[in-house]
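As stored in model-v1.json (JSON, C-alpha atoms and all ligand atoms):
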```
[["chain", "number", "residue", "atom", "x", "y", "z"],
["O", 1, "MET", "CA", -4.81, 32.40, 13.82],
["O", 2, "THR", "CA", -1.79, 31.28, 15.87],
["O", 3, "VAL", "CA", -0.63, 27.72, 16.57],
["O", 4, "LEU", "CA", -2.01, 28.02, 20.11],
["O", 5, "GLU", "CA", -5.40, 29.29, 18.93],
["O", 6, "ALA", "CA", -5.63, 26.59, 16.26],
["O", 7, "LEU", "CA", -4.84, 23.88, 18.83],
["O", 8, "ASN", "CA", -7.39, 25.20, 21.33],
["O", 9, "ALA", "CA", -10.13, 25.36, 18.68],
["O", 10, "ALA", "CA", -9.36, 21.86, 17.39],
["O", 11, "GLU", "CA", -9.23, 20.41, 20.91],
["O", 12, "LYS", "CA", -12.78, 21.66, 21.45],
["O", 13, "ARG", "CA", -14.02, 20.14, 18.21],
["O", 14, "LEU", "CA", -12.40, 16.80, 19.04],
["O", 15, "GLN", "CA", -13.82, 16.49, 22.58],
["O", 16, "ALA", "CA", -15.50, 13.16, 21.72],
["O", 17, "ILE", "CA", -12.23, 11.34, 20.96],
["O", 18, "PRO", "CA", -9.92, 9.96, 23.68],
["O", 19, "GLU", "CA", -6.92, 12.33, 23.40],
["O", 20, "PRO", "CA", -8.16, 15.48, 21.66],
["O", 21, "ARG", "CA", -5.16, 17.70, 22.46],
["O", 22, "LEU", "CA", -2.57, 15.16, 21.38],
["O", 23, "ASP", "CA", -4.38, 14.36, 18.13],
["O", 24, "ALA", "CA", -4.80, 18.10, 17.43],
["O", 25, "GLU", "CA", -1.04, 18.55, 17.90],
["O", 26, "TYR", "CA", -0.17, 15.68, 15.54],
["O", 27, "LEU", "CA", -2.59, 16.96, 12.91],
["O", 28, "LEU", "CA", -1.37, 20.56, 13.10],
["O", 29, "ALA", "CA", 2.26, 19.46, 12.88],
["O", 30, "GLU", "CA", 1.31, 17.52, 9.74],
["O", 31, "ALA", "CA", -0.47, 20.56, 8.27],
["O", 32, "LEU", "CA", 2.60, 22.68, 9.03],
["O", 33, "GLU", "CA", 4.90, 19.98, 7.65],
["O", 34, "THR", "CA", 7.00, 19.99, 10.80],
["O", 35, "SER", "CA", 7.41, 17.87, 13.92],
["O", 36, "ARG", "CA", 5.15, 18.22, 16.94],
["O", 37, "LEU", "CA", 8.03, 19.39, 19.13],
["O", 38, "MET", "CA", 9.29, 21.98, 16.62],
["O", 39, "MET", "CA", 5.75, 23.30, 16.35],
["O", 40, "LEU", "CA", 5.30, 23.55, 20.11],
["O", 41, "VAL", "CA", 8.39, 25.71, 20.66],
["O", 42, "ASP", "CA", 6.72, 28.58, 18.78],
["O", 43, "LYS", "CA", 3.04, 28.56, 19.63],
["O", 44, "SER", "CA", 2.57, 32.23, 18.75],
["O", 45, "ARG", "CA", 3.47, 31.60, 15.12],
["O", 46, "THR", "CA", 0.66, 32.61, 12.72],
["O", 47, "LEU", "CA", -0.72, 30.02, 10.31],
["O", 48, "THR", "CA", -0.87, 30.85, 6.60],
["O", 49, "GLU", "CA", -4.29, 30.56, 4.98],
["O", 50, "ALA", "CA", -3.29, 27.35, 3.22],
["O", 51, "GLU", "CA", -2.04, 25.82, 6.49],
["O", 52, "ALA", "CA", -5.21, 26.80, 8.32],
["O", 53, "ALA", "CA", -7.36, 25.29, 5.54],
["O", 54, "ALA", "CA", -5.37, 22.05, 5.49],
["O", 55, "PHE", "CA", -5.60, 21.76, 9.27],
["O", 56, "LYS", "CA", -9.34, 22.42, 9.30],
["O", 57, "GLN", "CA", -9.89, 19.65, 6.78],
["O", 58, "MET", "CA", -7.81, 17.19, 8.81],
["O", 59, "VAL", "CA", -9.67, 18.04, 12.02],
["O", 60, "SER", "CA", -13.00, 17.44, 10.26],
["O", 61, "ARG", "CA", -11.83, 13.99, 9.17],
["O", 62, "ARG", "CA", -10.72, 13.17, 12.71],
["O", 63, "GLU", "CA", -14.00, 14.49, 14.09],
["O", 64, "ALA", "CA", -15.72, 11.96, 11.80],
["O", 65, "ARG", "CA", -13.61, 9.30, 13.60],
["O", 66, "GLU", "CA", -11.22, 8.54, 10.78],
["O", 67, "PRO", "CA", -8.14, 6.89, 12.35],
["O", 68, "LEU", "CA", -5.35, 9.39, 13.08],
["O", 69, "GLN", "CA", -2.86, 7.25, 11.14],
["O", 70, "TYR", "CA", -4.99, 7.31, 7.99],
["O", 71, "ILE", "CA", -5.02, 11.13, 8.13],
["O", 72, "LEU", "CA", -1.31, 11.43, 8.93],
["O", 73, "GLY", "CA", -0.56, 8.71, 6.39],
["O", 74, "SER", "CA", 2.03, 6.90, 8.46],
["O", 75, "GLN", "CA", 2.69, 4.78, 11.54],
["O", 76, "SER", "CA", 5.98, 3.60, 12.99],
["O", 77, "PHE", "CA", 6.51, -0.16, 13.44],
["O", 78, "MET", "CA", 9.74, -1.56, 14.90],
["O", 79, "GLY", "CA", 11.20, 1.92, 14.35],
["O", 80, "PHE", "CA", 10.40, 2.04, 10.62],
["O", 81, "PRO", "CA", 7.87, 4.45, 9.11],
["O", 82, "PHE", "CA", 5.05, 2.60, 7.31],
["O", 83, "LYS", "CA", 2.64, 4.32, 4.96],
["O", 84, "THR", "CA", -0.93, 3.81, 6.18],
["O", 85, "ASP", "CA", -4.25, 4.22, 4.38],
["O", 86, "PRO", "CA", -7.59, 2.37, 4.19],
["O", 87, "ARG", "CA", -6.09, -0.31, 1.94],
["O", 88, "ALA", "CA", -4.82, -2.16, 5.04],
["O", 89, "LEU", "CA", -4.95, -2.47, 8.82],
["O", 90, "ILE", "CA", -2.80, 0.09, 10.68],
["O", 91, "PRO", "CA", 0.28, -1.56, 12.23],
["O", 92, "ARG", "CA", -0.14, -1.85, 16.05],
["O", 93, "ASN", "CA", 2.59, -1.50, 18.67],
["O", 94, "ASP", "CA", 1.24, -4.72, 20.20],
["O", 95, "THR", "CA", 2.33, -6.57, 17.06],
["O", 96, "GLU", "CA", 5.95, -5.69, 17.80],
["O", 97, "ALA", "CA", 5.91, -8.51, 20.38],
["O", 98, "LEU", "CA", 5.11, -10.92, 17.54],
["O", 99, "CYS", "CA", 7.87, -9.48, 15.37],
["O", 100, "GLU", "CA", 10.40, -9.86, 18.20],
["O", 101, "GLU", "CA", 9.36, -13.48, 18.82],
["O", 102, "ALA", "CA", 9.70, -14.32, 15.11],
["O", 103, "LEU", "CA", 13.15, -12.68, 15.02],
["O", 104, "ARG", "CA", 14.29, -14.92, 17.90],
["O", 105, "HIS", "CA", 13.86, -17.92, 15.60],
["O", 106, "ILE", "CA", 15.15, -16.44, 12.33],
["O", 107, "ARG", "CA", 18.74, -16.94, 11.17],
["O", 108, "PRO", "CA", 20.39, -15.43, 8.06],
["O", 109, "GLY", "CA", 19.51, -17.59, 5.06],
["O", 110, "ASP", "CA", 16.17, -18.72, 6.50],
["O", 111, "ALA", "CA", 13.08, -18.65, 4.31],
["O", 112, "VAL", "CA", 10.39, -16.69, 6.18],
["O", 113, "LEU", "CA", 6.70, -16.39, 5.34],
["O", 114, "ASP", "CA", 4.47, -13.52, 6.54],
["O", 115, "LEU", "CA", 0.84, -14.55, 6.02],
["O", 116, "CYS", "CA", -1.82, -11.80, 5.85],
["O", 117, "THR", "CA", 0.86, -9.15, 5.57],
["O", 118, "GLY", "CA", -1.44, -6.10, 5.24],
["O", 119, "THR", "CA", 0.81, -3.00, 5.16],
["O", 120, "GLY", "CA", 3.77, -5.37, 4.96],
["O", 121, "ALA", "CA", 4.86, -4.32, 8.46],
["O", 122, "LEU", "CA", 5.94, -7.75, 9.76],
["O", 123, "GLY", "CA", 7.63, -9.06, 6.62],
["O", 124, "ILE", "CA", 9.39, -5.78, 5.87],
["O", 125, "ALA", "CA", 10.55, -5.20, 9.49],
["O", 126, "ILE", "CA", 11.90, -8.77, 9.60],
["O", 127, "LYS", "CA", 13.84, -8.23, 6.36],
["O", 128, "LYS", "CA", 15.23, -4.92, 7.67],
["O", 129, "LEU", "CA", 16.26, -6.41, 11.03],
["O", 130, "CYS", "CA", 17.60, -9.69, 9.61],
["O", 131, "PRO", "CA", 18.72, -8.79, 6.08],
["O", 132, "GLY", "CA", 19.97, -12.35, 5.47],
["O", 133, "ALA", "CA", 16.43, -13.75, 5.71],
["O", 134, "VAL", "CA", 14.60, -14.54, 2.47],
["O", 135, "VAL", "CA", 11.14, -13.09, 3.07],
["O", 136, "THR", "CA", 7.86, -13.86, 1.29],
["O", 137, "ALA", "CA", 4.65, -12.06, 2.23],
["O", 138, "THR", "CA", 1.13, -12.98, 1.15],
["O", 139, "ASP", "CA", -2.28, -11.37, 1.40],
["O", 140, "ILE", "CA", -5.67, -12.09, -0.14],
["O", 141, "SER", "CA", -6.22, -8.35, -0.66],
["O", 142, "GLU", "CA", -4.76, -6.83, -3.85],
["O", 143, "ALA", "CA", -5.24, -3.40, -2.28],
["O", 144, "ALA", "CA", -3.25, -4.31, 0.84],
["O", 145, "LEU", "CA", -0.48, -5.81, -1.30],
["O", 146, "SER", "CA", -0.16, -2.65, -3.38],
["O", 147, "LEU", "CA", 0.36, -0.69, -0.13],
["O", 148, "ALA", "CA", 2.81, -3.32, 1.17],
["O", 149, "GLN", "CA", 4.79, -3.03, -2.05],
["O", 150, "GLU", "CA", 4.95, 0.75, -1.71],
["O", 151, "ASN", "CA", 6.24, 0.30, 1.84],
["O", 152, "ALA", "CA", 8.87, -2.24, 0.76],
["O", 153, "GLN", "CA", 10.03, 0.16, -1.92],
["O", 154, "SER", "CA", 10.27, 3.21, 0.33],
["O", 155, "LEU", "CA", 12.00, 1.20, 3.06],
["O", 156, "GLN", "CA", 14.21, -0.55, 0.51],
["O", 157, "ALA", "CA", 13.33, -4.05, 1.68],
["O", 158, "ASP", "CA", 13.66, -6.91, -0.77],
["O", 159, "VAL", "CA", 10.49, -8.88, 0.03],
["O", 160, "ARG", "CA", 8.57, -11.14, -2.39],
["O", 161, "PHE", "CA", 4.82, -10.34, -2.35],
["O", 162, "LEU", "CA", 2.24, -12.84, -3.56],
["O", 163, "GLN", "CA", -1.54, -12.50, -3.74],
["O", 164, "GLY", "CA", -3.84, -15.28, -2.60],
["O", 165, "ASP", "CA", -5.75, -16.91, 0.23],
["O", 166, "LEU", "CA", -3.37, -17.92, 3.07],
["O", 167, "PHE", "CA", -0.96, -20.59, 1.76],
["O", 168, "ALA", "CA", -2.45, -20.80, -1.77],
["O", 169, "PRO", "CA", 0.29, -18.69, -3.41],
["O", 170, "VAL", "CA", 3.06, -20.79, -1.79],
["O", 171, "ALA", "CA", 1.35, -24.17, -2.28],
["O", 172, "SER", "CA", 4.52, -26.20, -2.83],
["O", 173, "GLU", "CA", 6.92, -24.17, -0.67],
["O", 174, "GLN", "CA", 8.41, -24.67, 2.78],
["O", 175, "PHE", "CA", 9.77, -22.13, 5.24],
["O", 176, "SER", "CA", 11.86, -22.04, 8.41],
["O", 177, "VAL", "CA", 9.56, -19.56, 10.11],
["O", 178, "ILE", "CA", 5.94, -18.62, 9.43],
["O", 179, "VAL", "CA", 4.63, -15.47, 11.09],
["O", 180, "SER", "CA", 1.09, -14.12, 10.93],
["O", 181, "ASN", "CA", -1.19, -11.49, 12.41],
["O", 182, "PRO", "CA", -4.38, -12.85, 10.85],
["O", 183, "PRO", "CA", -7.93, -11.50, 11.30],
["O", 184, "TYR", "CA", -9.16, -12.61, 14.74],
["O", 185, "ILE", "CA", -12.17, -10.59, 15.85],
["O", 186, "PRO", "CA", -15.44, -12.54, 16.33],
["O", 187, "ASP", "CA", -18.03, -11.59, 13.68],
["O", 188, "ALA", "CA", -20.58, -10.64, 16.35],
["O", 189, "LEU", "CA", -18.41, -7.67, 17.42],
["O", 190, "ARG", "CA", -18.88, -6.05, 14.02],
["O", 191, "GLY", "CA", -20.62, -2.72, 14.56],
["O", 192, "HIS", "CA", -19.56, -2.67, 18.24],
["O", 193, "LEU", "CA", -15.85, -1.88, 17.88],
["O", 194, "GLN", "CA", -14.19, 1.49, 18.36],
["O", 195, "GLU", "CA", -15.44, 3.70, 15.52],
["O", 196, "GLU", "CA", -11.91, 4.11, 14.18],
["O", 197, "VAL", "CA", -11.34, 0.35, 13.99],
["O", 198, "GLU", "CA", -14.57, -0.05, 12.02],
["O", 199, "LYS", "CA", -13.02, 2.19, 9.34],
["O", 200, "GLU", "CA", -10.20, -0.33, 8.81],
["O", 201, "PRO", "CA", -10.76, -3.11, 6.25],
["O", 202, "ALA", "CA", -13.26, -5.69, 7.54],
["O", 203, "LEU", "CA", -11.29, -8.33, 5.64],
["O", 204, "ALA", "CA", -8.37, -7.71, 8.01],
["O", 205, "LEU", "CA", -10.44, -7.92, 11.19],
["O", 206, "PHE", "CA", -13.18, -10.52, 11.27],
["O", 207, "ALA", "CA", -12.64, -14.24, 11.64],
["O", 208, "GLY", "CA", -15.87, -16.16, 12.06],
["O", 209, "GLU", "CA", -18.18, -16.86, 14.97],
["O", 210, "ASP", "CA", -15.49, -17.30, 17.63],
["O", 211, "GLY", "CA", -12.67, -15.36, 15.91],
["O", 212, "LEU", "CA", -10.59, -18.53, 15.63],
["O", 213, "ASP", "CA", -11.23, -19.43, 11.97],
["O", 214, "PHE", "CA", -7.76, -18.45, 10.78],
["O", 215, "TYR", "CA", -5.99, -20.22, 13.65],
["O", 216, "ARG", "CA", -7.83, -23.42, 12.68],
["O", 217, "ARG", "CA", -6.79, -23.13, 9.07],
["O", 218, "ILE", "CA", -3.21, -22.08, 9.83],
["O", 219, "ALA", "CA", -2.74, -24.82, 12.46],
["O", 220, "ALA", "CA", -3.93, -27.41, 9.92],
["O", 221, "GLU", "CA", -2.01, -26.11, 6.90],
["O", 222, "ALA", "CA", 1.23, -24.68, 8.36],
["O", 223, "PRO", "CA", 2.89, -28.08, 9.06],
["O", 224, "ARG", "CA", 3.23, -28.90, 5.38],
["O", 225, "HIS", "CA", 4.79, -25.49, 4.74],
["O", 226, "LEU", "CA", 7.38, -25.71, 7.52],
["O", 227, "LEU", "CA", 10.81, -27.27, 7.29],
["O", 228, "PRO", "CA", 11.68, -29.77, 10.06],
["O", 229, "GLY", "CA", 12.02, -27.87, 13.36],
["O", 230, "GLY", "CA", 10.44, -24.77, 11.83],
["O", 231, "TRP", "CA", 8.54, -22.20, 13.93],
["O", 232, "LEU", "CA", 5.03, -20.82, 13.65],
["O", 233, "CYS", "CA", 4.43, -17.46, 15.38],
["O", 234, "LEU", "CA", 0.92, -16.00, 15.62],
["O", 235, "GLU", "CA", -0.71, -12.89, 17.06],
["O", 236, "THR", "CA", -3.86, -13.56, 19.07],
["O", 237, "GLY", "CA", -6.74, -11.41, 20.31],
["O", 238, "ASP", "CA", -8.39, -11.11, 23.72],
["O", 239, "GLY", "CA", -8.81, -14.52, 25.35],
["O", 240, "GLU", "CA", -7.61, -16.33, 22.24],
["O", 241, "ALA", "CA", -4.07, -17.32, 23.21],
["O", 242, "ALA", "CA", -5.10, -20.48, 25.08],
["O", 243, "PRO", "CA", -7.54, -21.76, 22.41],
["O", 244, "ALA", "CA", -5.02, -20.94, 19.66],
["O", 245, "ALA", "CA", -2.26, -22.76, 21.61],
["O", 246, "ALA", "CA", -4.61, -25.76, 21.97],
["O", 247, "LEU", "CA", -5.06, -25.83, 18.19],
["O", 248, "LEU", "CA", -1.27, -26.04, 17.75],
["O", 249, "LYS", "CA", -0.86, -29.01, 20.15],
["O", 250, "LYS", "CA", -1.55, -31.61, 17.46],
["O", 251, "SER", "CA", 1.52, -30.80, 15.34],
["O", 252, "PHE", "CA", 3.64, -28.43, 17.42],
["O", 253, "THR", "CA", 5.86, -28.62, 20.48],
["O", 254, "GLU", "CA", 7.63, -26.03, 22.69],
["O", 255, "ILE", "CA", 4.42, -23.97, 22.53],
["O", 256, "ARG", "CA", 4.72, -20.61, 24.27],
["O", 257, "ILE", "CA", 2.37, -17.75, 25.00],
["O", 258, "LEU", "CA", 3.92, -14.27, 25.23],
["O", 259, "PRO", "CA", 2.52, -10.92, 26.38],
["O", 260, "ASP", "CA", 2.40, -7.57, 24.58],
["O", 261, "LEU", "CA", 3.62, -4.28, 26.08],
["O", 262, "ASN", "CA", 0.41, -4.04, 28.15],
["O", 263, "GLY", "CA", 1.03, -7.45, 29.67],
["O", 264, "LEU", "CA", -1.82, -9.11, 27.75],
["O", 265, "ASP", "CA", -1.31, -12.51, 26.10],
["O", 266, "ARG", "CA", -0.71, -11.56, 22.49],
["O", 267, "VAL", "CA", 1.58, -14.10, 20.84],
["O", 268, "VAL", "CA", 1.46, -17.88, 20.48],
["O", 269, "SER", "CA", 4.39, -19.69, 18.95],
["O", 270, "GLY", "CA", 5.39, -23.30, 18.53],
["O", 271, "ARG", "CA", 7.91, -25.53, 16.84],
["O", 272, "LEU", "CA", 6.92, -28.19, 14.33],
["O", 273, "SER", "CA", 7.16, -31.48, 16.24],
["O", 274, "ILE", "CA", 9.66, -34.08, 15.05],
["O", 275, "GLU", "CA", 6.88, -36.68, 14.64],
["O", 276, "THR", "CA", 4.96, -34.34, 12.34],
["O", 277, "SER", "CA", 8.12, -33.57, 10.34],
["O", 278, "ILE", "CA", 8.92, -37.27, 9.91],
["O", 279, "GLN", "CA", 5.43, -38.61, 9.30],
["O", 280, "GLY", "CA", 4.43, -35.81, 7.00],
["O", 281, "THR", "CA", 1.47, -33.61, 7.51],
["O", 282, "PRO", "CA", -1.73, -34.87, 9.06],
["O", 283, "SER", "CA", -4.58, -34.26, 6.64],
["O", 284, "PRO", "CA", -6.57, -31.17, 7.57],
["P", 1, "LIG", "N1", -5.46, -5.81, 16.89],
["P", 1, "LIG", "C1", -6.56, -5.39, 16.08],
["P", 1, "LIG", "C2", -7.63, -4.78, 16.97],
["P", 1, "LIG", "O1", -8.10, -5.42, 17.87],
["P", 1, "LIG", "C3", -7.14, -6.52, 15.29],
["P", 1, "LIG", "C4", -6.16, -7.03, 14.32],
["P", 1, "LIG", "C5", -6.48, -8.36, 13.81],
["P", 1, "LIG", "O2", -7.63, -8.80, 13.72],
["P", 1, "LIG", "N2", -5.45, -9.05, 13.45],
["P", 1, "LIG", "O3", -7.96, -3.65, 16.76]]
```
Can the structure from this file be put into structure tokens for me?
Amino acid sequence: MTVLEALNAAEKRLQAIPEPRLDAEYLLAEALETSRLMMLVDKSRTLTEAEAAAFKQMVSRREAREPLQYILGSQSFMGFPFKTDPRALIPRNDTEALCEEALRHIRPGDAVLDLCTGTGALGIAIKKLCPGAVVTATDISEAALSLAQENAQSLQADVRFLQGDLFAPVASEQFSVIVSNPPYIPDALRGHLQEEVEKEPALALFAGEDGLDFYRRIAAEAPRHLLPGGWLCLETGDGEAAPAAALLKKSFTEIRILPDLNGLDRVVSGRLSIETSIQGTPSP
């Protein structure tokens, strides 16, 4: 079987997914341990038996709607390769808008907190792009944290990882910038999402009846973990930017809503208001 024949056969088997040819190319390149472009310059090359077997297995997994990035085992975020597997949500390109907004407010020496870090993508990318920042990342999931730690190690990023529910592991600490891509999908959508998304950890996705549970908790608790003038930067889901921004109004000022690469509102950020800093935190 040649590269071209293998791709044609896989494309047929993957008809039900959105981009069957492209996925087939990525999977075959992985099976051949080369890049997609290198593979495509010699489509008449014959696959070894081992390569053909490995490819067939990958195509079967994709046919069963396993996310491409779980099969390939990696996804780029802010230009860095992150290891991906079912321990954590796959980093999204949309989240790069959140990373860029956080970086606008981070100066060398700043203490930065990444809540619900998952693969570690935000915390690790921030540390790589602003090495002077002192980055802490938390997650309630031990499994996600073990993956995040593997990513920090392979990307050589000195990030402190702590396990616990939101701010619990940093109870007495304050930061200059808090960044988070928390779960934000309404519970009722469970079972109705793209099949691939349903294979990602539910813990990373669902956030109560209206999807706003984590914004409520973060808006209430973040003020006591921010230094005066500190910034809170959040990712939001469809239609959630305005309600999330409204939740920040009580303790934050300079609130802004920013779009992702598709032009959809994706990021809400705000600065701890001087009144809140001086008076101390309103009780939740
Ligand atoms: N952006 C993800 C999705 O809609 C959800 C991630 C999240 O809940 N933080 O697939």
Closest atom pairs, residues of chain O within 9 Å of ligand LIG 1 (chain P), all atoms listed in the file, as CSV:
```
residue,atom,partner,partner_atom,distance
O:Leu89,CA,P:LIG1,C4,7.2
O:Ile90,CA,P:LIG1,C1,8.6
O:Pro91,CA,P:LIG1,N1,8.5
O:Arg92,CA,P:LIG1,N1,6.7
O:Asp94,CA,P:LIG1,N1,7.6
O:Thr95,CA,P:LIG1,N1,7.8
O:Cys116,CA,P:LIG1,N2,8.9
O:Ser180,CA,P:LIG1,N2,8.7
O:Asn181,CA,P:LIG1,N2,5.0
O:Pro182,CA,P:LIG1,N2,4.7
O:Pro183,CA,P:LIG1,O2,3.6
O:Tyr184,CA,P:LIG1,O2,4.2
O:Ile185,CA,P:LIG1,O2,5.3
O:Leu193,CA,P:LIG1,O3,8.2
O:Gln194,CA,P:LIG1,O3,8.2
O:Val197,CA,P:LIG1,O3,5.9
O:Glu198,CA,P:LIG1,O3,8.9
O:Glu200,CA,P:LIG1,O3,8.9
O:Ala202,CA,P:LIG1,O2,8.9
O:Leu203,CA,P:LIG1,O2,8.9
O:Ala204,CA,P:LIG1,O2,5.9
O:Leu205,CA,P:LIG1,O2,3.9
O:Phe206,CA,P:LIG1,O2,6.3
O:Ala207,CA,P:LIG1,O2,7.7
O:Gly211,CA,P:LIG1,O2,8.6
O:Glu235,CA,P:LIG1,N2,7.1
O:Thr236,CA,P:LIG1,N2,7.4
O:Gly237,CA,P:LIG1,O1,6.6
O:Asp238,CA,P:LIG1,O1,8.2
```
Open item on the list: Considering all atoms listed in the file, can you say which of O:Gln75, O:Ala16, O:Glu30, O:Ala241 comes closest to Glu51 of chain O?
Closed with: O:Glu30
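Checking O:Ala29, O:Arg87, O:Lys199, O:Ala144 one by one against Val41 of chain O, counting all atoms listed in the file, you find the shortest gap at O:Ala29.
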Write out as lines of an AutoDock Vina configuration file an axis-aligned box for segment 61-71 of chain O: all of its atoms listed in the file, 8 Å added on each side, centre and edge lengths in Å with one decimal.
```
center_x = -9.3
center_y = 10.7
center_z = 11.0
size_x = 28.9
size_y = 23.6
size_z = 22.1
```
Open item on the list: Quick one: residues within 12 Å of Val159 of chain O, all atoms listed in the file, excluding same-chain residues fewer than 6 positions away - as a PyMOL selection string?
Closed with: chain O and resi 111-114+117+120-128+130-138+145+148-153
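The residue that comes closest to Glu254 of chain O, out of O:Phe82, O:Phe167, O:Trp231, O:Tyr26 and on the basis of only C-alpha atoms, is O:Trp231.
Interatomic distance, atom CA of Arg190 of chain O to atom CA of Leu258 of chain O: 26.7 Å.
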Task: Selected residue of minimal separation from Pro223 of chain O among O:Lys249, O:Arg45, O:Arg107, O:Arg65, counting all atoms listed in the file - done: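 Of the candidates, the smallest distance to Pro223 of chain O is held by O:Lys249.
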Task: Nearest candidate to Asp110 of chain O (options O:Ala222, O:Leu147, O:Leu37, O:Ile178; using only C-alpha atoms) - done: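 Among the listed residues, O:Ile178 lies closest to Asp110 of chain O.
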- [ ] Would you list the contacts of segment 96-99 of chain O as an NGL selection string, taking every protein, DNA or RNA residue within 7 Å and counting only C-alpha atoms, but skipping same-chain residues closer than 2 positions in sequence?
- [x] :O and (78 or 93-94 or 101-103 or 122 or 233-235 or 260 or 267)
Write a file of the selected residues as a CSV table (one decimal), keeping the file's coordinate frame, keeping C-alpha atoms.
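Written out: part-v4.csv:
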```csv
chain,number,residue,atom,x,y,z
O,78,MET,CA,9.7,-1.6,14.9
O,93,ASN,CA,2.6,-1.5,18.7
O,94,ASP,CA,1.2,-4.7,20.2
O,101,GLU,CA,9.4,-13.5,18.8
O,102,ALA,CA,9.7,-14.3,15.1
O,103,LEU,CA,13.2,-12.7,15.0
O,122,LEU,CA,5.9,-7.8,9.8
O,233,CYS,CA,4.4,-17.5,15.4
O,234,LEU,CA,0.9,-16.0,15.6
O,235,GLU,CA,-0.7,-12.9,17.1
O,260,ASP,CA,2.4,-7.6,24.6
O,267,VAL,CA,1.6,-14.1,20.8
```
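What separates atom CA of Tyr215 of chain O from atom CA of Ala246 of chain O is a distance of 10.1 Å.
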TODO: Counting all atoms listed in the file, note down every residue that has an atom within 6 Å of the point (-12.3, 21.3, 14.7) (file coordinates), as an MDAnalysis selection string.
DONE: chainID O and resid 10 13 59:60
Applying 9 Å and all atoms listed in the file, which residues near Glu25 of chain O remain after dropping the ones on its own chain fewer than 5 positions away? List them as a short mmCIF file (atom, residue, chain, number, x, y, z; two decimals) with C-alpha atoms, keeping the file's coordinate frame.
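What landed in part.cif:
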```cif
data_model
loop_
_atom_site.label_atom_id
_atom_site.label_comp_id
_atom_site.auth_asym_id
_atom_site.auth_seq_id
_atom_site.Cartn_x
_atom_site.Cartn_y
_atom_site.Cartn_z
CA LEU O 7 -4.84 23.88 18.83
CA ALA O 10 -9.36 21.86 17.39
CA GLU O 11 -9.23 20.41 20.91
CA PRO O 20 -8.16 15.48 21.66
CA GLU O 30 1.31 17.52 9.74
CA ARG O 36 5.15 18.22 16.94
CA MET O 39 5.75 23.30 16.35
CA LEU O 40 5.30 23.55 20.11
#
```
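Distances to Leu272 of chain O were evaluated for O:Ser176, O:Gln57, O:Thr253, O:Ser76 using all atoms listed in the file, and the minimum falls at O:Thr253.
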TODO: Find the distance between atom CA of Pro186 of chain O and atom CA of Pro67 of chain O and write it in Å to one decimal.
DONE: 21.1 Å
